[in-house]
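Pasting input33.txt here (compact mmCIF, N, CA and C atoms and all ligand atoms):
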# COMPACT_ATOMS: atom_id res chain seq x y z
N MET T 100 79.26 89.75 108.89
CA MET T 100 80.36 89.63 109.87
C MET T 100 80.52 90.99 110.57
N SER T 101 80.72 90.95 111.90
CA SER T 101 80.86 92.21 112.62
C SER T 101 82.21 92.86 112.32
N LYS T 102 82.34 94.11 112.73
CA LYS T 102 83.58 94.85 112.48
C LYS T 102 84.72 94.25 113.30
N PRO T 103 85.97 94.40 112.85
CA PRO T 103 87.10 93.86 113.61
C PRO T 103 87.39 94.67 114.87
N ILE T 104 88.07 94.03 115.80
CA ILE T 104 88.65 94.71 116.96
C ILE T 104 90.01 95.25 116.50
N TYR T 105 90.22 96.55 116.66
CA TYR T 105 91.53 97.12 116.33
C TYR T 105 92.46 96.95 117.52
N ILE T 106 93.65 96.43 117.25
CA ILE T 106 94.67 96.29 118.30
C ILE T 106 95.86 97.13 117.87
N LEU T 107 96.03 98.25 118.56
CA LEU T 107 96.99 99.27 118.13
C LEU T 107 98.17 99.32 119.09
N ASN T 108 99.36 99.16 118.52
CA ASN T 108 100.59 99.13 119.30
C ASN T 108 101.49 100.29 118.91
N GLY T 109 102.02 100.96 119.91
CA GLY T 109 102.84 102.14 119.67
C GLY T 109 104.33 101.86 119.62
N PRO T 110 105.13 102.90 119.86
CA PRO T 110 106.56 102.88 119.57
C PRO T 110 107.34 101.83 120.37
N ASP T 111 108.31 101.27 119.68
CA ASP T 111 109.30 100.33 120.22
C ASP T 111 108.73 98.95 120.51
N LEU T 112 107.43 98.78 120.32
CA LEU T 112 106.85 97.46 120.58
C LEU T 112 107.22 96.48 119.46
N ASN T 113 107.69 97.02 118.32
CA ASN T 113 108.22 96.15 117.27
C ASN T 113 109.48 95.43 117.73
N LEU T 114 110.10 95.91 118.80
CA LEU T 114 111.36 95.31 119.27
C LEU T 114 111.14 94.30 120.40
N LEU T 115 109.88 93.97 120.67
CA LEU T 115 109.62 93.00 121.75
C LEU T 115 110.36 91.71 121.45
N GLY T 116 110.84 91.09 122.51
CA GLY T 116 111.65 89.88 122.34
C GLY T 116 113.12 90.21 122.55
N GLU T 117 113.53 91.37 121.98
CA GLU T 117 114.93 91.83 122.15
C GLU T 117 115.00 92.93 123.19
N ARG T 118 113.91 93.69 123.32
CA ARG T 118 113.93 94.91 124.11
C ARG T 118 113.64 94.60 125.59
N GLU T 119 114.61 94.88 126.45
CA GLU T 119 114.44 94.71 127.90
C GLU T 119 113.56 93.50 128.24
N PRO T 120 114.00 92.29 127.87
CA PRO T 120 113.14 91.11 128.09
C PRO T 120 112.80 90.88 129.56
N GLU T 121 113.67 91.38 130.46
CA GLU T 121 113.38 91.20 131.89
C GLU T 121 112.15 92.02 132.30
N ILE T 122 111.80 93.04 131.50
CA ILE T 122 110.60 93.85 131.78
C ILE T 122 109.43 93.40 130.90
N TYR T 123 109.72 93.21 129.60
CA TYR T 123 108.62 93.00 128.65
C TYR T 123 108.41 91.54 128.24
N GLY T 124 109.30 90.64 128.72
CA GLY T 124 109.15 89.23 128.35
C GLY T 124 109.85 88.91 127.04
N THR T 125 109.77 87.66 126.65
CA THR T 125 110.53 87.19 125.47
C THR T 125 109.63 86.99 124.24
N ASP T 126 108.33 87.13 124.40
CA ASP T 126 107.44 87.02 123.22
C ASP T 126 107.74 88.15 122.24
N THR T 127 107.80 87.84 120.96
CA THR T 127 107.89 88.90 119.95
C THR T 127 106.48 89.44 119.69
N LEU T 128 106.42 90.61 119.05
CA LEU T 128 105.10 91.18 118.73
C LEU T 128 104.37 90.27 117.75
N ASP T 129 105.13 89.63 116.86
CA ASP T 129 104.49 88.73 115.89
C ASP T 129 103.88 87.52 116.60
N SER T 130 104.58 87.03 117.63
CA SER T 130 104.01 85.89 118.36
C SER T 130 102.77 86.33 119.14
N ILE T 131 102.79 87.55 119.69
CA ILE T 131 101.59 88.05 120.37
C ILE T 131 100.45 88.17 119.36
N ARG T 132 100.76 88.70 118.17
CA ARG T 132 99.72 88.83 117.13
C ARG T 132 99.09 87.47 116.83
N GLN T 133 99.94 86.45 116.67
CA GLN T 133 99.41 85.12 116.35
C GLN T 133 98.51 84.59 117.48
N GLN T 134 98.96 84.78 118.74
CA GLN T 134 98.15 84.30 119.89
C GLN T 134 96.81 85.02 119.93
N VAL T 135 96.86 86.35 119.70
CA VAL T 135 95.64 87.16 119.77
C VAL T 135 94.68 86.78 118.64
N GLU T 136 95.22 86.61 117.43
CA GLU T 136 94.36 86.26 116.29
C GLU T 136 93.68 84.91 116.54
N ALA T 137 94.47 83.93 117.05
CA ALA T 137 93.90 82.60 117.30
C ALA T 137 92.81 82.68 118.37
N HIS T 138 93.08 83.45 119.42
CA HIS T 138 92.13 83.58 120.54
C HIS T 138 90.83 84.24 120.05
N ALA T 139 90.98 85.30 119.27
CA ALA T 139 89.79 86.02 118.78
C ALA T 139 89.01 85.15 117.80
N THR T 140 89.71 84.46 116.91
CA THR T 140 89.05 83.60 115.93
C THR T 140 88.23 82.52 116.63
N ASP T 141 88.84 81.91 117.67
CA ASP T 141 88.11 80.87 118.44
C ASP T 141 86.81 81.42 119.00
N ALA T 142 86.83 82.70 119.35
CA ALA T 142 85.63 83.33 119.95
C ALA T 142 84.72 83.95 118.89
N GLY T 143 85.08 83.76 117.60
CA GLY T 143 84.22 84.25 116.52
C GLY T 143 84.40 85.72 116.18
N HIS T 144 85.59 86.28 116.52
CA HIS T 144 85.83 87.69 116.24
C HIS T 144 87.07 87.86 115.37
N LYS T 145 87.08 88.95 114.63
CA LYS T 145 88.24 89.30 113.79
C LYS T 145 89.03 90.40 114.48
N VAL T 146 90.36 90.38 114.28
CA VAL T 146 91.17 91.48 114.81
C VAL T 146 91.99 92.11 113.67
N ASP T 147 92.31 93.36 113.85
CA ASP T 147 93.21 94.06 112.94
C ASP T 147 94.36 94.57 113.81
N PHE T 148 95.50 93.89 113.75
CA PHE T 148 96.62 94.07 114.69
C PHE T 148 97.69 94.92 114.01
N ARG T 149 98.04 96.06 114.59
CA ARG T 149 98.98 96.98 113.94
C ARG T 149 100.01 97.51 114.93
N GLN T 150 101.15 97.92 114.40
CA GLN T 150 102.18 98.61 115.22
C GLN T 150 102.75 99.76 114.43
N THR T 151 103.04 100.85 115.13
CA THR T 151 103.72 101.98 114.50
C THR T 151 104.62 102.67 115.52
N ASN T 152 105.65 103.29 115.03
CA ASN T 152 106.47 104.15 115.90
C ASN T 152 105.99 105.60 115.85
N GLY T 153 105.00 105.87 115.02
CA GLY T 153 104.58 107.26 114.79
C GLY T 153 103.32 107.63 115.58
N GLU T 154 103.38 108.75 116.26
CA GLU T 154 102.22 109.24 117.02
C GLU T 154 101.05 109.54 116.08
N GLY T 155 101.37 110.16 114.93
CA GLY T 155 100.32 110.52 113.96
C GLY T 155 99.61 109.30 113.41
N ASP T 156 100.38 108.21 113.20
CA ASP T 156 99.75 106.97 112.70
C ASP T 156 98.72 106.46 113.71
N LEU T 157 99.13 106.48 114.99
CA LEU T 157 98.20 105.98 116.03
C LEU T 157 96.92 106.80 116.02
N ILE T 158 97.07 108.11 115.88
CA ILE T 158 95.89 108.99 115.89
C ILE T 158 95.03 108.73 114.65
N ASP T 159 95.68 108.57 113.49
CA ASP T 159 94.93 108.25 112.26
C ASP T 159 94.16 106.94 112.44
N TRP T 160 94.79 105.96 113.07
CA TRP T 160 94.13 104.65 113.23
C TRP T 160 92.97 104.74 114.21
N VAL T 161 93.14 105.54 115.27
CA VAL T 161 92.02 105.73 116.22
C VAL T 161 90.86 106.40 115.49
N GLN T 162 91.16 107.40 114.67
CA GLN T 162 90.09 108.07 113.91
C GLN T 162 89.41 107.09 112.95
N GLU T 163 90.21 106.22 112.32
CA GLU T 163 89.65 105.20 111.42
C GLU T 163 88.72 104.25 112.19
N ALA T 164 89.12 103.95 113.44
CA ALA T 164 88.34 103.01 114.27
C ALA T 164 86.93 103.52 114.54
N ARG T 165 86.73 104.85 114.47
CA ARG T 165 85.40 105.42 114.70
C ARG T 165 84.35 104.78 113.80
N GLU T 166 84.75 104.50 112.56
CA GLU T 166 83.81 103.92 111.59
C GLU T 166 84.00 102.41 111.45
N LYS T 167 85.26 101.97 111.58
CA LYS T 167 85.57 100.61 111.07
C LYS T 167 85.77 99.55 112.13
N ALA T 168 85.85 99.93 113.43
CA ALA T 168 86.16 98.93 114.46
C ALA T 168 84.98 98.73 115.41
N SER T 169 84.93 97.53 116.00
CA SER T 169 83.90 97.26 117.02
C SER T 169 84.41 97.64 118.41
N GLY T 170 85.73 97.67 118.56
CA GLY T 170 86.36 98.03 119.84
C GLY T 170 87.84 98.24 119.58
N VAL T 171 88.52 98.82 120.55
CA VAL T 171 89.96 99.10 120.39
C VAL T 171 90.71 98.59 121.61
N ILE T 172 91.81 97.88 121.34
CA ILE T 172 92.78 97.54 122.38
C ILE T 172 94.02 98.34 122.04
N ILE T 173 94.52 99.12 122.98
CA ILE T 173 95.65 99.98 122.66
C ILE T 173 96.76 99.87 123.70
N ASN T 174 97.96 99.59 123.21
CA ASN T 174 99.18 99.73 124.01
C ASN T 174 99.97 100.84 123.31
N ALA T 175 99.86 102.04 123.82
CA ALA T 175 100.46 103.20 123.14
C ALA T 175 101.94 103.37 123.48
N GLY T 176 102.52 102.39 124.20
CA GLY T 176 103.94 102.51 124.55
C GLY T 176 104.19 103.83 125.26
N ALA T 177 105.30 104.48 124.96
CA ALA T 177 105.66 105.71 125.67
C ALA T 177 104.70 106.87 125.38
N TYR T 178 103.96 106.81 124.25
CA TYR T 178 102.98 107.89 123.99
C TYR T 178 101.87 107.91 125.03
N THR T 179 101.70 106.77 125.73
CA THR T 179 100.75 106.72 126.85
C THR T 179 100.99 107.88 127.81
N HIS T 180 102.27 108.18 128.01
CA HIS T 180 102.64 109.13 129.06
C HIS T 180 102.84 110.55 128.54
N THR T 181 102.68 110.74 127.23
CA THR T 181 103.02 112.05 126.65
C THR T 181 101.94 112.66 125.76
N SER T 182 101.01 111.85 125.22
CA SER T 182 100.25 112.34 124.06
C SER T 182 98.83 112.81 124.38
N VAL T 183 98.68 114.12 124.50
CA VAL T 183 97.35 114.72 124.64
C VAL T 183 96.57 114.50 123.33
N ALA T 184 97.27 114.54 122.20
CA ALA T 184 96.59 114.36 120.91
C ALA T 184 95.97 112.97 120.81
N LEU T 185 96.65 111.99 121.37
CA LEU T 185 96.10 110.63 121.36
C LEU T 185 94.86 110.57 122.27
N LEU T 186 94.94 111.19 123.43
CA LEU T 186 93.77 111.26 124.32
C LEU T 186 92.59 111.89 123.58
N ASP T 187 92.83 113.02 122.93
CA ASP T 187 91.73 113.71 122.23
C ASP T 187 91.10 112.82 121.17
N ALA T 188 91.94 112.07 120.44
CA ALA T 188 91.41 111.16 119.41
C ALA T 188 90.58 110.06 120.07
N LEU T 189 91.10 109.49 121.15
CA LEU T 189 90.38 108.40 121.82
C LEU T 189 89.05 108.87 122.38
N LEU T 190 89.00 110.12 122.83
CA LEU T 190 87.75 110.65 123.41
C LEU T 190 86.64 110.79 122.37
N THR T 191 86.99 110.72 121.07
CA THR T 191 85.94 110.80 120.04
C THR T 191 85.26 109.45 119.79
N LEU T 192 85.79 108.38 120.39
CA LEU T 192 85.25 107.04 120.12
C LEU T 192 84.02 106.77 120.98
N ASP T 193 83.03 106.10 120.38
CA ASP T 193 81.92 105.65 121.22
C ASP T 193 81.84 104.12 121.22
N ILE T 194 82.99 103.48 121.06
CA ILE T 194 83.11 102.02 121.18
C ILE T 194 84.06 101.75 122.36
N PRO T 195 84.01 100.53 122.95
CA PRO T 195 84.87 100.28 124.11
C PRO T 195 86.36 100.28 123.76
N VAL T 196 87.13 100.80 124.70
CA VAL T 196 88.60 100.89 124.54
C VAL T 196 89.24 100.22 125.75
N ILE T 197 90.14 99.26 125.51
CA ILE T 197 90.90 98.65 126.61
C ILE T 197 92.36 99.04 126.45
N GLU T 198 92.89 99.66 127.49
CA GLU T 198 94.31 100.03 127.52
C GLU T 198 95.10 98.84 128.06
N VAL T 199 96.15 98.48 127.35
CA VAL T 199 96.97 97.33 127.76
C VAL T 199 98.42 97.76 127.90
N HIS T 200 99.08 97.26 128.93
CA HIS T 200 100.54 97.36 129.04
C HIS T 200 101.08 95.99 129.45
N LEU T 201 102.18 95.62 128.82
CA LEU T 201 102.82 94.34 129.17
C LEU T 201 103.35 94.40 130.60
N SER T 202 104.03 95.49 130.91
CA SER T 202 104.58 95.68 132.26
C SER T 202 103.52 96.37 133.13
N ASN T 203 103.82 96.47 134.40
CA ASN T 203 102.94 97.26 135.30
C ASN T 203 103.60 98.62 135.52
N PRO T 204 103.13 99.65 134.78
CA PRO T 204 103.80 100.96 134.85
C PRO T 204 103.82 101.53 136.27
N PHE T 205 102.86 101.13 137.11
CA PHE T 205 102.79 101.68 138.47
C PHE T 205 103.90 101.16 139.38
N LYS T 206 104.56 100.09 138.95
CA LYS T 206 105.71 99.57 139.71
C LYS T 206 107.02 100.15 139.20
N ARG T 207 106.92 101.03 138.21
CA ARG T 207 108.13 101.52 137.54
C ARG T 207 108.36 103.01 137.82
N GLU T 208 109.14 103.67 136.98
CA GLU T 208 109.48 105.08 137.23
C GLU T 208 108.20 105.92 137.35
N GLU T 209 108.30 107.00 138.11
CA GLU T 209 107.15 107.86 138.37
C GLU T 209 106.53 108.41 137.07
N PHE T 210 107.36 108.73 136.06
CA PHE T 210 106.79 109.32 134.84
C PHE T 210 105.88 108.34 134.10
N ARG T 211 105.96 107.05 134.44
CA ARG T 211 105.07 106.07 133.81
C ARG T 211 103.75 105.92 134.57
N HIS T 212 103.61 106.61 135.69
CA HIS T 212 102.40 106.42 136.50
C HIS T 212 101.21 107.19 135.93
N HIS T 213 101.50 108.18 135.09
CA HIS T 213 100.40 108.94 134.49
C HIS T 213 100.15 108.45 133.06
N SER T 214 98.86 108.24 132.75
CA SER T 214 98.48 107.80 131.40
C SER T 214 97.49 108.78 130.79
N TYR T 215 97.80 109.25 129.57
CA TYR T 215 96.84 110.06 128.81
C TYR T 215 95.79 109.19 128.13
N VAL T 216 96.01 107.87 128.12
CA VAL T 216 95.04 106.96 127.50
C VAL T 216 93.92 106.64 128.49
N SER T 217 94.27 106.48 129.77
CA SER T 217 93.30 105.98 130.76
C SER T 217 92.00 106.77 130.84
N PRO T 218 92.02 108.12 130.76
CA PRO T 218 90.74 108.83 130.88
C PRO T 218 89.76 108.50 129.76
N ALA T 219 90.28 107.93 128.65
CA ALA T 219 89.40 107.57 127.53
C ALA T 219 89.15 106.06 127.46
N ALA T 220 89.71 105.32 128.43
CA ALA T 220 89.62 103.86 128.35
C ALA T 220 88.45 103.34 129.17
N THR T 221 87.82 102.30 128.65
CA THR T 221 86.78 101.60 129.41
C THR T 221 87.43 100.83 130.55
N GLY T 222 88.59 100.22 130.26
CA GLY T 222 89.31 99.44 131.27
C GLY T 222 90.78 99.40 130.97
N LEU T 223 91.53 98.93 131.96
CA LEU T 223 93.00 98.91 131.87
C LEU T 223 93.50 97.56 132.36
N ILE T 224 94.38 96.94 131.56
CA ILE T 224 95.01 95.68 131.97
C ILE T 224 96.50 95.89 131.88
N CYS T 225 97.21 95.66 132.96
CA CYS T 225 98.66 95.85 132.91
C CYS T 225 99.36 94.83 133.79
N GLY T 226 100.62 94.56 133.42
CA GLY T 226 101.47 93.71 134.25
C GLY T 226 101.34 92.22 133.99
N LEU T 227 100.55 91.84 132.98
CA LEU T 227 100.34 90.40 132.71
C LEU T 227 101.09 89.93 131.48
N GLY T 228 101.98 90.76 130.94
CA GLY T 228 102.71 90.37 129.74
C GLY T 228 101.76 90.18 128.57
N ALA T 229 102.12 89.25 127.67
CA ALA T 229 101.32 89.02 126.46
C ALA T 229 99.89 88.59 126.79
N GLN T 230 99.74 87.92 127.94
CA GLN T 230 98.41 87.46 128.35
C GLN T 230 97.42 88.62 128.47
N GLY T 231 97.92 89.83 128.74
CA GLY T 231 97.05 90.99 128.88
C GLY T 231 96.23 91.24 127.62
N TYR T 232 96.83 90.98 126.45
CA TYR T 232 96.11 91.18 125.18
C TYR T 232 94.96 90.18 125.06
N LEU T 233 95.19 88.95 125.52
CA LEU T 233 94.13 87.93 125.42
C LEU T 233 92.99 88.27 126.38
N ARG T 234 93.36 88.73 127.58
CA ARG T 234 92.34 89.10 128.55
C ARG T 234 91.55 90.33 128.05
N ALA T 235 92.22 91.20 127.31
CA ALA T 235 91.55 92.38 126.76
C ALA T 235 90.52 91.96 125.71
N ILE T 236 90.86 90.95 124.90
CA ILE T 236 89.88 90.42 123.93
C ILE T 236 88.66 89.89 124.69
N ASP T 237 88.93 89.10 125.75
CA ASP T 237 87.82 88.53 126.54
C ASP T 237 86.95 89.65 127.11
N ALA T 238 87.60 90.70 127.62
CA ALA T 238 86.85 91.81 128.22
C ALA T 238 85.97 92.49 127.18
N LEU T 239 86.51 92.72 125.98
CA LEU T 239 85.71 93.37 124.94
C LEU T 239 84.51 92.51 124.56
N ILE T 240 84.75 91.21 124.41
CA ILE T 240 83.65 90.32 124.00
C ILE T 240 82.55 90.34 125.06
N GLU T 241 82.97 90.32 126.32
CA GLU T 241 81.99 90.40 127.43
C GLU T 241 81.19 91.72 127.32
N LEU T 242 81.90 92.80 127.04
CA LEU T 242 81.23 94.11 126.91
C LEU T 242 80.26 94.09 125.73
N PHE T 243 80.68 93.50 124.58
CA PHE T 243 79.78 93.43 123.41
C PHE T 243 78.52 92.64 123.78
N ASN T 244 78.74 91.50 124.48
CA ASN T 244 77.61 90.62 124.79
C ASN T 244 76.63 91.26 125.77
N ASN T 245 77.16 92.17 126.59
CA ASN T 245 76.29 92.80 127.61
C ASN T 245 75.67 94.10 127.13
N SER T 246 76.00 94.51 125.90
CA SER T 246 75.48 95.83 125.48
C SER T 246 74.26 95.67 124.57
C1 LIG K 301 104.53 99.78 127.93
C2 LIG K 301 104.87 100.63 129.16
C3 LIG K 301 105.34 102.01 128.74
O1 LIG K 301 105.70 102.76 129.90
C4 LIG K 301 106.56 101.90 127.86
O2 LIG K 301 106.95 103.19 127.41
C5 LIG K 301 106.38 100.98 126.72
C6 LIG K 301 105.68 99.72 126.95
C7 LIG K 301 104.16 98.34 128.32
O3 LIG K 301 103.58 97.64 127.48
O4 LIG K 301 104.50 97.88 129.42
O5 LIG K 301 106.87 101.20 125.62
O6 LIG K 301 103.40 100.36 127.29
Reformat the file's structure so that it appears as structure tokens.
Ligand code: DQA
Amino acid sequence: MSKPIYILNGPDLNLLGEREPEIYGTDTLDSIRQQVEAHATDAGHKVDFRQTNGEGDLIDWVQEAREKASGVIINAGAYTHTSVALLDALLTLDIPVIEVHLSNPFKREEFRHHSYVSPAATGLICGLGAQGYLRAIDALIELFNNS
């Protein structure tokens, strides 16, 4: 069996469903996890879906992905806009990385327009809500099949 796709979620995403639903939608993170697991399983892939509020945890998980993951989907939440350390960790990966955001940060405050994740990402999906995670799985599978 091939290695799992790591799906890494950063701070405050544990509050999805309650947190600013007009921006992030009403799906909880657990419901997104279930949709993503079902979608990946149907396509013959395993996922390892995680959330943390800690910057260090995200970096540890990215480092772990170097050996243990086939690809990474990352929604780093607000660390997207602040974390050089996360960028440095992501730059060590030689597997595909898809950056996901539920909202479209480019339609929002200016400080959300810059991403420290993007320079290390193969691709970026934003503004599609929970569906973005499913499209990110599809994109990774396409990349695996073409490599
Ligand atoms: C987010 C966008 C970020 O700007 C924000 O800090 C988040 C969520 C998104 O999924 O739309 O926490 O990453």
(message) Going by DSSP on the backbone, which residues of range 122-241 of chain T come out as strand (DSSP E)? List them as a ChimeraX atom specification.
(response) /T:146-150,170-174,196-200,222-225
(request) Using only C-alpha atoms and all ligand atoms, find each residue with an atom at most 7 Å away from ligand LIG 301 (chain K) and format the answer as a ChimeraX atom specification. (result) /T:110-112,123,174-177,179,199-204,211
Export of prior selection with N, CA and C atoms as a short mmCIF file (atom, residue, chain, number, x, y, z; two decimals), keeping the file's coordinate frame:
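File selection_33.cif, as written:
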data_model
loop_
_atom_site.label_atom_id
_atom_site.label_comp_id
_atom_site.auth_asym_id
_atom_site.auth_seq_id
_atom_site.Cartn_x
_atom_site.Cartn_y
_atom_site.Cartn_z
N PRO T 110 105.13 102.90 119.86
CA PRO T 110 106.56 102.88 119.57
C PRO T 110 107.34 101.83 120.37
N ASP T 111 108.31 101.27 119.68
CA ASP T 111 109.30 100.33 120.22
C ASP T 111 108.73 98.95 120.51
N LEU T 112 107.43 98.78 120.32
CA LEU T 112 106.85 97.46 120.58
C LEU T 112 107.22 96.48 119.46
N TYR T 123 109.72 93.21 129.60
CA TYR T 123 108.62 93.00 128.65
C TYR T 123 108.41 91.54 128.24
N ASN T 174 97.96 99.59 123.21
CA ASN T 174 99.18 99.73 124.01
C ASN T 174 99.97 100.84 123.31
N ALA T 175 99.86 102.04 123.82
CA ALA T 175 100.46 103.20 123.14
C ALA T 175 101.94 103.37 123.48
N GLY T 176 102.52 102.39 124.20
CA GLY T 176 103.94 102.51 124.55
C GLY T 176 104.19 103.83 125.26
N ALA T 177 105.30 104.48 124.96
CA ALA T 177 105.66 105.71 125.67
C ALA T 177 104.70 106.87 125.38
N THR T 179 101.70 106.77 125.73
CA THR T 179 100.75 106.72 126.85
C THR T 179 100.99 107.88 127.81
N VAL T 199 96.15 98.48 127.35
CA VAL T 199 96.97 97.33 127.76
C VAL T 199 98.42 97.76 127.90
N HIS T 200 99.08 97.26 128.93
CA HIS T 200 100.54 97.36 129.04
C HIS T 200 101.08 95.99 129.45
N LEU T 201 102.18 95.62 128.82
CA LEU T 201 102.82 94.34 129.17
C LEU T 201 103.35 94.40 130.60
N SER T 202 104.03 95.49 130.91
CA SER T 202 104.58 95.68 132.26
C SER T 202 103.52 96.37 133.13
N ASN T 203 103.82 96.47 134.40
CA ASN T 203 102.94 97.26 135.30
C ASN T 203 103.60 98.62 135.52
N PRO T 204 103.13 99.65 134.78
CA PRO T 204 103.80 100.96 134.85
C PRO T 204 103.82 101.53 136.27
N ARG T 211 105.96 107.05 134.44
CA ARG T 211 105.07 106.07 133.81
C ARG T 211 103.75 105.92 134.57
#
(message) Set the distance at 8 Å and use only C-alpha atoms: which residues neighbour range 157-163 of chain T once local chain neighbours fewer than 6 positions away are removed? I'd like the list as a VMD selection string.
(response) chain T and resid 107 to 109 151 175 184 to 185 188 to 189 191 to 192
(request) Extract, using only C-alpha atoms, all DNA, RNA and protein residues at most 9 Å from Asp129 in chain T, discarding same-chain residues fewer than 4 positions from it, and format them as a PyMOL selection string. (result) chain T and resi 113+115+133-134
(request) Would you mind telling me which residue in T:Leu186, T:Leu114, T:Ile122, T:Ile172 lies nearest to Tyr215 in chain T when using all atoms listed in the file? (result) T:Leu186
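Taking all atoms listed in the file into account, Val135 in chain T lies nearest to T:Tyr232 out of the set T:Phe205, T:Tyr232, T:Tyr105, T:Tyr178.
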